[in-house]
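Participant: The file below is entry_39.csv, CSV, C-alpha atoms:
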```csv
chain,number,residue,atom,x,y,z
A,1,MET,CA,7.8,23.3,-5.9
A,2,THR,CA,7.2,25.4,-9.0
A,3,PHE,CA,9.3,24.5,-12.1
A,4,VAL,CA,9.9,26.7,-15.1
A,5,ARG,CA,9.6,24.3,-18.1
A,6,HIS,CA,13.0,24.6,-19.5
A,7,VAL,CA,14.0,21.3,-21.0
A,8,VAL,CA,17.4,19.8,-21.6
A,9,CYS,CA,17.5,16.4,-23.3
A,10,LEU,CA,20.5,14.3,-22.6
A,11,SER,CA,21.3,11.1,-24.3
A,12,LEU,CA,23.9,8.8,-22.7
A,13,LEU,CA,25.5,5.6,-23.7
A,14,LEU,CA,27.5,4.0,-20.9
A,15,GLY,CA,29.5,0.8,-20.5
A,16,GLY,CA,30.6,-1.6,-23.2
A,17,ILE,CA,28.0,-0.6,-25.8
A,18,VAL,CA,29.7,0.9,-28.9
A,19,MET,CA,27.7,3.5,-30.8
A,20,SER,CA,30.0,6.5,-31.6
A,21,ALA,CA,33.0,8.4,-30.3
A,22,GLU,CA,30.7,10.9,-28.8
A,23,PRO,CA,27.9,8.9,-27.1
A,24,VAL,CA,26.6,11.7,-25.0
A,25,ALA,CA,24.5,14.5,-26.6
A,26,VAL,CA,23.1,17.4,-24.6
A,27,VAL,CA,20.4,19.5,-26.1
A,28,ILE,CA,18.8,22.6,-24.5
A,29,ASN,CA,15.6,24.3,-25.5
A,30,ASP,CA,16.5,28.0,-25.7
A,31,ARG,CA,13.1,29.3,-24.6
A,32,THR,CA,12.0,32.8,-25.6
A,33,ASP,CA,12.0,34.1,-22.0
A,34,TYR,CA,15.5,32.8,-21.1
A,35,ARG,CA,18.9,34.5,-21.3
A,36,GLY,CA,22.2,33.6,-19.8
A,37,GLU,CA,25.1,31.1,-20.0
A,38,LEU,CA,25.3,27.6,-18.6
A,39,ILE,CA,28.2,25.2,-18.2
A,40,LEU,CA,27.8,21.4,-18.1
A,41,LYS,CA,30.2,19.2,-16.3
A,42,ALA,CA,30.5,15.4,-16.2
A,43,GLY,CA,32.6,14.6,-13.2
A,44,SER,CA,35.3,17.3,-13.0
A,45,ARG,CA,35.4,17.7,-16.8
A,46,GLU,CA,33.7,20.6,-18.6
A,47,VAL,CA,31.9,19.1,-21.5
A,48,GLY,CA,29.8,22.0,-22.9
A,49,LYS,CA,28.8,25.6,-22.6
A,50,VAL,CA,25.8,27.3,-24.1
A,51,SER,CA,24.6,30.9,-24.4
A,52,LEU,CA,20.8,31.3,-24.1
A,53,LYS,CA,19.4,34.1,-26.2
A,54,GLY,CA,15.7,33.3,-26.3
A,55,SER,CA,15.7,31.8,-29.8
A,56,GLY,CA,12.9,29.4,-29.0
A,57,THR,CA,14.8,26.5,-30.7
A,58,ASP,CA,16.8,23.5,-29.5
A,59,ILE,CA,20.6,24.1,-29.1
A,60,VAL,CA,23.3,21.5,-28.9
A,61,VAL,CA,25.2,22.1,-25.7
A,62,ALA,CA,27.8,19.3,-26.0
A,63,LYS,CA,28.6,15.9,-27.4
A,64,PHE,CA,31.1,13.9,-25.4
A,65,ALA,CA,32.0,10.5,-23.9
A,66,TRP,CA,30.9,9.9,-20.3
A,67,PRO,CA,34.1,9.9,-18.2
A,68,ASP,CA,35.0,6.6,-16.6
A,69,GLY,CA,34.5,6.7,-12.9
A,70,ALA,CA,32.4,9.9,-12.9
A,71,THR,CA,30.3,10.0,-9.7
A,72,ALA,CA,28.7,13.4,-10.2
A,73,ALA,CA,27.3,15.7,-12.9
A,74,SER,CA,26.6,19.4,-12.5
A,75,VAL,CA,25.3,22.5,-14.2
A,76,SER,CA,26.5,26.1,-13.3
A,77,GLY,CA,26.1,29.6,-14.6
A,78,GLU,CA,23.4,32.3,-14.8
A,79,LEU,CA,19.9,31.9,-16.0
A,80,ARG,CA,17.5,34.8,-16.5
A,81,PHE,CA,13.9,34.0,-16.9
A,82,THR,CA,10.3,35.3,-16.3
A,83,HIS,CA,8.4,33.8,-13.5
A,84,TYR,CA,4.7,33.6,-14.1
A,85,LYS,CA,3.9,35.4,-10.8
A,86,LYS,CA,7.1,37.2,-9.8
A,87,GLY,CA,8.2,38.5,-13.2
A,88,PRO,CA,11.8,38.8,-14.2
A,89,GLN,CA,14.2,36.6,-12.2
A,90,VAL,CA,17.8,35.6,-12.1
A,91,ALA,CA,19.2,32.3,-11.0
A,92,ARG,CA,22.9,32.0,-10.3
A,93,GLY,CA,25.3,29.4,-9.0
A,94,SER,CA,25.8,25.7,-9.6
A,95,HIS,CA,23.9,22.5,-8.9
A,96,GLU,CA,25.2,18.9,-8.6
A,97,TRP,CA,23.7,15.5,-8.8
A,98,GLN,CA,25.3,12.2,-7.6
A,99,VAL,CA,25.5,9.5,-10.3
A,100,VAL,CA,23.6,6.4,-9.4
A,101,ASP,CA,24.1,3.3,-11.6
A,102,ILE,CA,21.0,1.1,-11.9
A,103,ALA,CA,22.8,-1.6,-13.9
A,104,PRO,CA,22.8,-4.0,-11.0
A,105,LEU,CA,19.0,-3.9,-11.1
A,106,THR,CA,18.5,-4.2,-14.8
A,107,LYS,CA,21.2,-6.8,-15.7
A,108,PRO,CA,19.2,-9.8,-14.3
A,109,LEU,CA,16.1,-8.7,-16.2
A,110,ARG,CA,18.1,-8.5,-19.5
A,111,ASP,CA,19.7,-11.9,-19.0
A,112,ASN,CA,18.1,-14.0,-21.7
A,113,SER,CA,20.0,-17.1,-20.7
A,114,LEU,CA,17.8,-17.3,-17.6
A,115,LEU,CA,14.1,-18.3,-17.3
A,116,ILE,CA,11.8,-15.5,-16.4
A,117,ALA,CA,11.2,-16.7,-12.9
A,118,GLU,CA,14.9,-16.8,-12.2
A,119,ARG,CA,15.4,-13.3,-13.6
A,120,LEU,CA,12.7,-12.0,-11.2
A,121,LYS,CA,14.3,-13.9,-8.2
A,122,ARG,CA,17.7,-12.4,-9.0
A,123,PHE,CA,16.1,-8.9,-9.4
A,124,VAL,CA,14.6,-9.2,-5.9
A,125,VAL,CA,18.1,-10.0,-4.5
A,126,ALA,CA,19.6,-7.2,-6.5
A,127,GLN,CA,17.0,-4.8,-5.2
A,128,GLN,CA,17.7,-5.7,-1.6
A,129,ALA,CA,21.4,-5.0,-2.2
A,130,PHE,CA,20.7,-1.8,-4.0
A,131,GLU,CA,18.4,-0.5,-1.2
A,132,ALA,CA,20.9,-1.5,1.5
A,133,LYS,CA,23.6,0.5,-0.3
A,134,HIS,CA,21.4,3.6,-1.0
A,135,THR,CA,19.4,4.0,2.2
A,136,LYS,CA,19.0,7.8,1.9
A,137,LEU,CA,18.0,7.6,-1.8
A,138,ILE,CA,15.1,5.2,-1.2
A,139,ASP,CA,13.6,7.0,1.8
A,140,GLY,CA,9.9,7.2,1.3
A,141,VAL,CA,9.8,6.0,-2.3
A,142,SER,CA,10.8,2.3,-2.2
A,143,ARG,CA,8.4,-0.1,-3.9
A,144,VAL,CA,9.5,-3.7,-3.5
A,145,LEU,CA,8.8,-6.5,-5.9
A,146,GLU,CA,7.2,-9.4,-4.0
A,147,LEU,CA,7.1,-12.9,-5.4
A,148,THR,CA,4.4,-14.0,-3.1
A,149,GLY,CA,1.5,-14.0,-5.5
A,150,GLU,CA,-0.8,-16.9,-6.5
A,151,ARG,CA,0.7,-19.4,-8.9
A,152,SER,CA,-1.4,-20.6,-11.8
A,153,PRO,CA,-1.9,-24.3,-12.5
A,154,GLN,CA,-1.9,-25.6,-16.0
A,155,ALA,CA,-5.6,-26.1,-16.0
A,156,ASP,CA,-6.2,-22.4,-15.2
A,157,ILE,CA,-3.9,-21.4,-18.1
A,158,VAL,CA,-5.7,-23.7,-20.6
A,159,ALA,CA,-9.1,-22.3,-19.4
A,160,ALA,CA,-7.8,-18.7,-19.8
A,161,GLU,CA,-6.6,-19.3,-23.3
A,162,LYS,CA,-10.0,-20.8,-24.2
A,163,ARG,CA,-11.8,-17.8,-22.9
A,164,LEU,CA,-9.5,-15.4,-24.7
A,165,GLY,CA,-9.5,-17.3,-28.0
A,166,PHE,CA,-5.7,-17.0,-28.3
A,167,ALA,CA,-2.5,-18.2,-26.7
A,168,LEU,CA,-0.7,-16.3,-24.0
A,169,PRO,CA,3.1,-15.6,-24.5
A,170,ALA,CA,5.1,-18.6,-23.5
A,171,GLU,CA,7.3,-16.5,-21.2
A,172,HIS,CA,4.2,-15.3,-19.4
A,173,ILE,CA,2.9,-18.8,-18.9
A,174,ARG,CA,6.2,-19.8,-17.3
A,175,LEU,CA,6.1,-16.7,-15.1
A,176,LEU,CA,2.5,-17.6,-13.8
A,177,GLU,CA,3.5,-21.2,-13.3
A,178,ASP,CA,6.9,-20.9,-11.8
A,179,CYS,CA,6.8,-17.5,-10.1
A,180,GLY,CA,3.2,-16.6,-9.6
A,181,ALA,CA,1.3,-13.3,-10.0
A,182,PHE,CA,3.9,-10.9,-8.4
A,183,LEU,CA,2.9,-7.9,-6.4
A,184,VAL,CA,4.2,-4.3,-6.2
A,185,ASP,CA,2.5,-2.7,-3.3
A,186,ASP,CA,-1.2,-2.7,-4.3
A,187,SER,CA,-0.5,-3.3,-7.9
A,188,ALA,CA,-0.3,-6.9,-9.2
A,189,MET,CA,0.2,-9.3,-12.1
A,190,LEU,CA,-3.1,-11.2,-12.6
A,191,PRO,CA,-3.4,-15.0,-12.1
A,192,ALA,CA,-4.6,-17.0,-15.1
A,193,LYS,CA,-8.1,-17.5,-13.6
A,194,SER,CA,-8.6,-13.7,-13.7
A,195,LEU,CA,-7.7,-13.4,-17.4
A,196,LYS,CA,-10.3,-12.4,-20.0
A,197,ASN,CA,-10.4,-9.7,-22.7
A,198,ALA,CA,-9.5,-6.3,-21.4
A,199,PHE,CA,-12.9,-4.8,-22.1
A,200,ASP,CA,-14.6,-7.3,-19.8
A,201,GLN,CA,-11.7,-6.9,-17.2
A,202,MET,CA,-12.3,-3.2,-17.1
A,203,LEU,CA,-16.0,-3.8,-16.8
A,204,LEU,CA,-15.8,-6.4,-14.0
A,205,ASP,CA,-12.5,-6.0,-12.3
A,206,TRP,CA,-12.0,-2.2,-12.6
A,207,GLU,CA,-15.7,-1.7,-12.2
A,208,THR,CA,-15.9,0.7,-15.0
A,209,PRO,CA,-19.6,1.6,-15.8
A,210,ARG,CA,-20.7,-0.1,-19.0
A,211,ALA,CA,-22.1,3.2,-20.3
A,212,GLU,CA,-18.6,4.7,-20.1
A,213,LEU,CA,-17.1,1.8,-22.0
A,214,ASP,CA,-19.8,2.0,-24.7
A,215,LYS,CA,-18.9,5.7,-25.2
A,216,LEU,CA,-15.3,4.9,-26.1
A,217,PRO,CA,-14.3,5.2,-29.8
A,218,ALA,CA,-14.7,2.1,-31.9
A,219,GLU,CA,-10.9,1.7,-32.2
A,220,THR,CA,-10.4,1.8,-28.5
A,221,GLN,CA,-13.2,-0.7,-27.9
A,222,ALA,CA,-11.7,-3.0,-30.6
A,223,LEU,CA,-8.3,-2.8,-28.9
A,224,LEU,CA,-9.7,-3.7,-25.5
A,225,LYS,CA,-11.7,-6.7,-26.9
A,226,THR,CA,-8.6,-8.1,-28.7
A,227,THR,CA,-6.2,-7.7,-25.7
A,228,VAL,CA,-5.8,-9.2,-22.2
A,229,LEU,CA,-4.9,-7.2,-19.1
A,230,LEU,CA,-1.8,-8.9,-17.6
A,231,PHE,CA,-1.0,-6.4,-14.9
A,232,THR,CA,-3.1,-3.8,-13.0
A,233,GLU,CA,-1.5,-0.7,-11.5
A,234,VAL,CA,-3.4,0.7,-8.5
A,235,GLY,CA,-2.6,4.3,-7.8
A,236,ASP,CA,-4.2,7.5,-9.0
A,237,GLY,CA,-6.8,5.5,-10.9
A,238,TYR,CA,-6.1,2.2,-12.7
A,239,GLY,CA,-3.5,1.5,-15.2
A,240,GLY,CA,-2.8,-1.7,-17.1
A,241,TRP,CA,-0.2,-3.7,-19.1
A,242,LEU,CA,-1.9,-5.4,-22.1
A,243,TYR,CA,-0.9,-8.2,-24.5
A,244,GLN,CA,-2.3,-8.4,-28.0
A,245,PRO,CA,-1.6,-11.4,-30.3
A,246,PRO,CA,-0.9,-10.8,-34.0
A,247,GLN,CA,-4.0,-9.5,-35.7
A,248,THR,CA,-2.9,-10.4,-39.3
A,249,PRO,CA,-0.6,-13.1,-40.6
A,250,SER,CA,2.1,-10.5,-41.1
A,251,ASP,CA,1.6,-8.9,-37.7
A,252,LYS,CA,3.6,-9.4,-34.6
A,253,PRO,CA,2.5,-9.6,-30.9
A,254,SER,CA,2.2,-6.3,-29.2
A,255,PHE,CA,2.3,-5.0,-25.6
A,256,TRP,CA,0.4,-1.8,-24.6
A,257,TRP,CA,0.0,0.5,-21.6
A,258,ILE,CA,-3.3,2.1,-20.8
A,259,HIS,CA,-4.7,4.3,-18.0
A,260,GLN,CA,-8.2,5.3,-17.0
A,261,ASP,CA,-7.4,9.0,-17.4
A,262,ASP,CA,-6.4,8.7,-21.0
A,263,ILE,CA,-7.9,5.5,-22.1
A,264,THR,CA,-8.4,6.7,-25.7
A,265,ARG,CA,-4.6,7.2,-26.0
A,266,PRO,CA,-3.2,3.7,-25.4
A,267,ARG,CA,0.6,3.4,-25.8
A,268,ARG,CA,2.0,0.6,-27.9
A,269,LEU,CA,5.3,-0.3,-26.4
A,270,LYS,CA,8.2,0.2,-28.9
A,271,ASN,CA,12.0,0.4,-28.8
A,272,GLN,CA,13.9,3.5,-29.8
A,273,ASP,CA,14.5,2.0,-33.2
A,274,GLY,CA,10.7,1.7,-33.8
A,275,SER,CA,10.5,-2.1,-33.3
A,276,LEU,CA,7.9,-3.6,-31.1
A,277,LYS,CA,9.0,-4.7,-27.7
A,278,ASN,CA,9.1,-8.4,-27.1
A,279,TYR,CA,8.0,-10.0,-23.8
A,280,SER,CA,11.3,-9.6,-22.0
A,281,GLN,CA,11.7,-6.0,-23.1
A,282,ALA,CA,8.1,-5.1,-22.2
A,283,LEU,CA,8.5,-6.8,-18.8
A,284,LEU,CA,11.7,-4.8,-18.2
A,285,TRP,CA,9.8,-1.6,-19.1
A,286,LEU,CA,7.0,-2.5,-16.7
A,287,LEU,CA,9.3,-3.2,-13.8
A,288,THR,CA,11.2,0.0,-14.5
A,289,GLN,CA,8.0,2.0,-14.4
A,290,GLN,CA,6.7,0.2,-11.3
A,291,VAL,CA,9.8,-0.1,-9.2
A,292,ILE,CA,13.0,1.5,-10.4
A,293,GLU,CA,11.6,4.8,-11.6
A,294,ARG,CA,10.3,5.5,-8.1
A,295,TYR,CA,13.8,6.1,-6.8
A,296,ASP,CA,13.9,9.2,-9.0
A,297,ASP,CA,11.4,10.8,-6.7
A,298,GLY,CA,13.6,10.2,-3.6
A,299,PRO,CA,15.1,12.9,-1.4
A,300,VAL,CA,18.7,12.6,-2.8
A,301,GLU,CA,19.7,14.8,-5.7
A,302,SER,CA,20.6,12.1,-8.2
A,303,VAL,CA,21.0,11.4,-11.9
A,304,PHE,CA,20.4,7.7,-12.9
A,305,VAL,CA,22.6,5.9,-15.4
A,306,ASP,CA,22.6,2.3,-16.6
A,307,ARG,CA,26.0,1.2,-17.7
A,308,SER,CA,24.5,-2.0,-19.1
A,309,SER,CA,21.9,-0.3,-21.3
A,310,PRO,CA,21.7,-1.4,-25.0
A,311,ALA,CA,20.1,1.9,-25.9
A,312,LYS,CA,20.5,5.7,-25.4
A,313,LEU,CA,19.5,7.1,-22.1
A,314,LYS,CA,17.6,10.4,-22.5
A,315,TYR,CA,17.3,13.0,-19.8
A,316,ARG,CA,15.5,16.3,-19.1
A,317,LEU,CA,17.0,19.1,-17.0
A,318,ILE,CA,14.3,21.2,-15.4
A,319,PRO,CA,15.5,24.3,-13.5
A,320,ASP,CA,13.7,25.4,-10.4
A,321,SER,CA,12.3,28.9,-10.1
A,322,ARG,CA,14.7,30.2,-7.4
A,323,SER,CA,17.4,32.8,-7.2
A,324,GLU,CA,19.9,30.0,-6.6
A,325,LEU,CA,20.5,27.8,-9.7
A,326,ARG,CA,18.8,24.5,-9.0
A,327,ALA,CA,17.6,21.8,-11.3
A,328,ASP,CA,16.3,18.3,-11.7
A,329,LEU,CA,18.1,16.1,-14.2
A,330,ARG,CA,15.6,13.3,-14.9
A,331,LEU,CA,15.9,10.2,-17.0
A,332,ASP,CA,13.1,9.8,-19.6
A,333,TRP,CA,11.9,6.5,-18.2
A,334,ASN,CA,9.3,6.0,-20.9
A,335,GLU,CA,12.1,5.6,-23.4
A,336,PHE,CA,14.2,3.3,-21.2
A,337,GLU,CA,15.2,-0.1,-22.6
```
Using the file provided, produce a representation of the structure as structure tokens.

Facilitator:
Amino acid sequence: MTFVRHVVCLSLLLGGIVMSAEPVAVVINDRTDYRGELILKAGSREVGKVSLKGSGTDIVVAKFAWPDGATAASVSGELRFTHYKKGPQVARGSHEWQVVDIAPLTKPLRDNSLLIAERLKRFVVAQQAFEAKHTKLIDGVSRVLELTGERSPQADIVAAEKRLGFALPAEHIRLLEDCGAFLVDDSAMLPAKSLKNAFDQMLLDWETPRAELDKLPAETQALLKTTVLLFTEVGDGYGGWLYQPPQTPSDKPSFWWIHQDDITRPRRLKNQDGSLKNYSQALLWLLTQQVIERYDDGPVESVFVDRSSPAKLKYRLIPDSRSELRADLRLDWNEFE
């Protein structure tokens, strides 16, 4: 399916988190090849209207509070644009998404009163209930968290920390001891006996040629040699979740995400306020990427909300290149907290 890259960013705050009287902000990029008028609804309530004039700038469509009990969102109107092959086109009509609340999945992972292993066990139960409720939504995209991986004895953890030259996060030790190296399809958390610096892990476990690693910029090599790969994603190439201890007395622990395809652009995991994610926040981010986000690729037209989120939820609306107005309203999962 070909998409015209017309972006709408939508920030939502739902549930009992107080930020402002207008916690939803909708912004549309008024691209130079677009003309028309669009109306946004949350539930049955019209919350904004925008005229597209091809200014090439971002336009605020609406600021509003998400209506209680809303089970759908929609966009309607007329959008004129230029298709890269077909030339001038007009899309008319309306498009609706069902609202799917993922709070039942995220609440256990945010419950700091529970040990990590218990949070994961409750997440597994919550995922089973969620998938039983949304059978059509999950068709072909479900990725189940399995707590069947190898547990790490204390001796393996001590040996791993000796190899690394630094201590592992206390929460991660509890996870490896009490819960084990969990699995998500072919991707997996790594047991303590497999832990070494990320440079060596890429060389030995990912089987990256040494010549390729030696070509990496000095700063990338330095990062890999001062971090440990905790989780390996197996998919279109390898990806990995890294932990880095403080590098200076004033520094804080960091978590990173890397992928083979853009290894020179590692992502340091941060919250929307710029602070570094702690272990619990980084683990939530990881499981969101590996498990929850996959539902967004399902066959049901949906918009995902989290009524327990402590932060803004940001979305993109991407219209499809058809004569009938259709679009994808997608949560920015990378910014999810």

Participant: Go ahead and compute the interatomic distance for CA of Thr71 in chain A and CA of Leu283 in chain A, in Å to one decimal.

Facilitator: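 Interatomic distance here is 29.0 Å.
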
Participant: Name the closest residue to Ala73 in chain A among the candidates A:Leu204, A:Val305, A:Cys179, A:Ala167; distances are taken between atoms, counting all atoms listed in the file.

Facilitator: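 Checking each candidate against Ala73 in chain A, we get A:Val305 as the closest.
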
Participant: Got a sec: who's within 10 Å of Thr106 in chain A, counting all atoms listed in the file, leaving out chain neighbours fewer than 3 positions off, as number ranges by chain?

Facilitator: A: 101-103, 109-111, 119, 123, 126-127, 284, 287-288, 292, 306-309, 337

Participant: Of the candidates A:Trp66, A:Leu115, A:Leu147, A:Gly87, which one gets nearest to Glu171 in chain A if we count only C-alpha atoms?

Facilitator: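 Among the listed residues, A:Leu115 lies closest to Glu171 in chain A.
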
Participant: Just give me the gap between CA of Glu96 in chain A and CA of Pro310 in chain A in Å, one decimal is fine.

Facilitator: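 Interatomic distance, CA of Glu96 in chain A to CA of Pro310 in chain A: 26.3 Å.
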
Participant: Can you work out the spacing between CA of Phe231 in chain A and CA of Thr208 in chain A in Å, to one decimal?

Facilitator: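 Atom-to-atom, CA of Phe231 in chain A to CA of Thr208 in chain A, that is 16.5 Å.
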
Participant: Counting all atoms listed in the file, which of A:Ile39, A:Pro88, A:Gln247, A:Thr264 gets nearest to Leu213 in chain A?

Facilitator: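 Counting all atoms listed in the file, the residue closest to Leu213 in chain A is A:Thr264.
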
Participant: Given only C-alpha atoms as the basis, pick out the residue of A:Asp33, A:Asp297, A:Asp186, A:Glu207 nearest to His83 in chain A.

Facilitator: A:Asp33

Participant: Let me make sure I understand: among A:Pro209, A:Gly77, A:Pro169, A:Pro246, which one has the smallest atom-to-atom distance to Glu324 in chain A if we use only C-alpha atoms?

Facilitator: A:Gly77

Participant: Could you tell me which of A:Val144, A:Leu52, A:Leu120, A:Ala282 comes closest to Arg267 in chain A if we count only C-alpha atoms?

Facilitator: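 Using only C-alpha atoms, the shortest distance to Arg267 in chain A belongs to A:Ala282.
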
Participant: Using the atoms already present, construct N, CA and C atoms for range 275-293 of chain A and hand them back as a tab-separated table (two decimals), in the coordinates of the input.

Facilitator:
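Below is the file that was written, part_14.tsv:
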```tsv
chain	number	residue	atom	x	y	z
A	275	SER	N	10.98	-0.69	-33.38
A	275	SER	CA	10.50	-2.10	-33.30
A	275	SER	C	9.65	-2.30	-32.10
A	276	LEU	N	8.72	-3.27	-32.20
A	276	LEU	CA	7.90	-3.60	-31.10
A	276	LEU	C	8.65	-4.31	-29.99
A	277	LYS	N	8.36	-3.99	-28.76
A	277	LYS	CA	9.00	-4.70	-27.70
A	277	LYS	C	8.54	-6.12	-27.58
A	278	ASN	N	9.49	-7.04	-27.37
A	278	ASN	CA	9.10	-8.40	-27.10
A	278	ASN	C	8.74	-8.58	-25.63
A	279	TYR	N	8.42	-9.79	-25.21
A	279	TYR	CA	8.00	-10.00	-23.80
A	279	TYR	C	9.00	-9.53	-22.81
A	280	SER	N	10.25	-9.96	-22.99
A	280	SER	CA	11.30	-9.60	-22.00
A	280	SER	C	11.51	-8.11	-21.95
A	281	GLN	N	11.51	-7.45	-23.11
A	281	GLN	CA	11.70	-6.00	-23.10
A	281	GLN	C	10.53	-5.27	-22.51
A	282	ALA	N	9.33	-5.76	-22.76
A	282	ALA	CA	8.10	-5.10	-22.20
A	282	ALA	C	8.08	-5.33	-20.67
A	283	LEU	N	8.51	-6.50	-20.21
A	283	LEU	CA	8.50	-6.80	-18.80
A	283	LEU	C	9.56	-5.87	-18.08
A	284	LEU	N	10.72	-5.69	-18.69
A	284	LEU	CA	11.70	-4.80	-18.20
A	284	LEU	C	11.14	-3.36	-18.07
A	285	TRP	N	10.46	-2.93	-19.12
A	285	TRP	CA	9.80	-1.60	-19.10
A	285	TRP	C	8.83	-1.48	-17.98
A	286	LEU	N	8.02	-2.52	-17.78
A	286	LEU	CA	7.00	-2.50	-16.70
A	286	LEU	C	7.64	-2.38	-15.35
A	287	LEU	N	8.65	-3.19	-15.08
A	287	LEU	CA	9.30	-3.20	-13.80
A	287	LEU	C	10.06	-1.86	-13.55
A	288	THR	N	10.58	-1.30	-14.62
A	288	THR	CA	11.20	0.00	-14.50
A	288	THR	C	10.21	1.05	-14.08
A	289	GLN	N	9.04	1.05	-14.70
A	289	GLN	CA	8.00	2.00	-14.40
A	289	GLN	C	7.49	1.80	-12.92
A	290	GLN	N	7.30	0.54	-12.53
A	290	GLN	CA	6.70	0.20	-11.30
A	290	GLN	C	7.62	0.29	-10.06
A	291	VAL	N	8.89	-0.01	-10.30
A	291	VAL	CA	9.80	-0.10	-9.20
A	291	VAL	C	11.00	0.84	-9.28
A	292	ILE	N	11.76	0.76	-10.38
A	292	ILE	CA	13.00	1.50	-10.40
A	292	ILE	C	12.81	3.01	-10.55
A	293	GLU	N	11.86	3.42	-11.38
A	293	GLU	CA	11.60	4.80	-11.60
A	293	GLU	C	11.29	5.56	-10.27
```
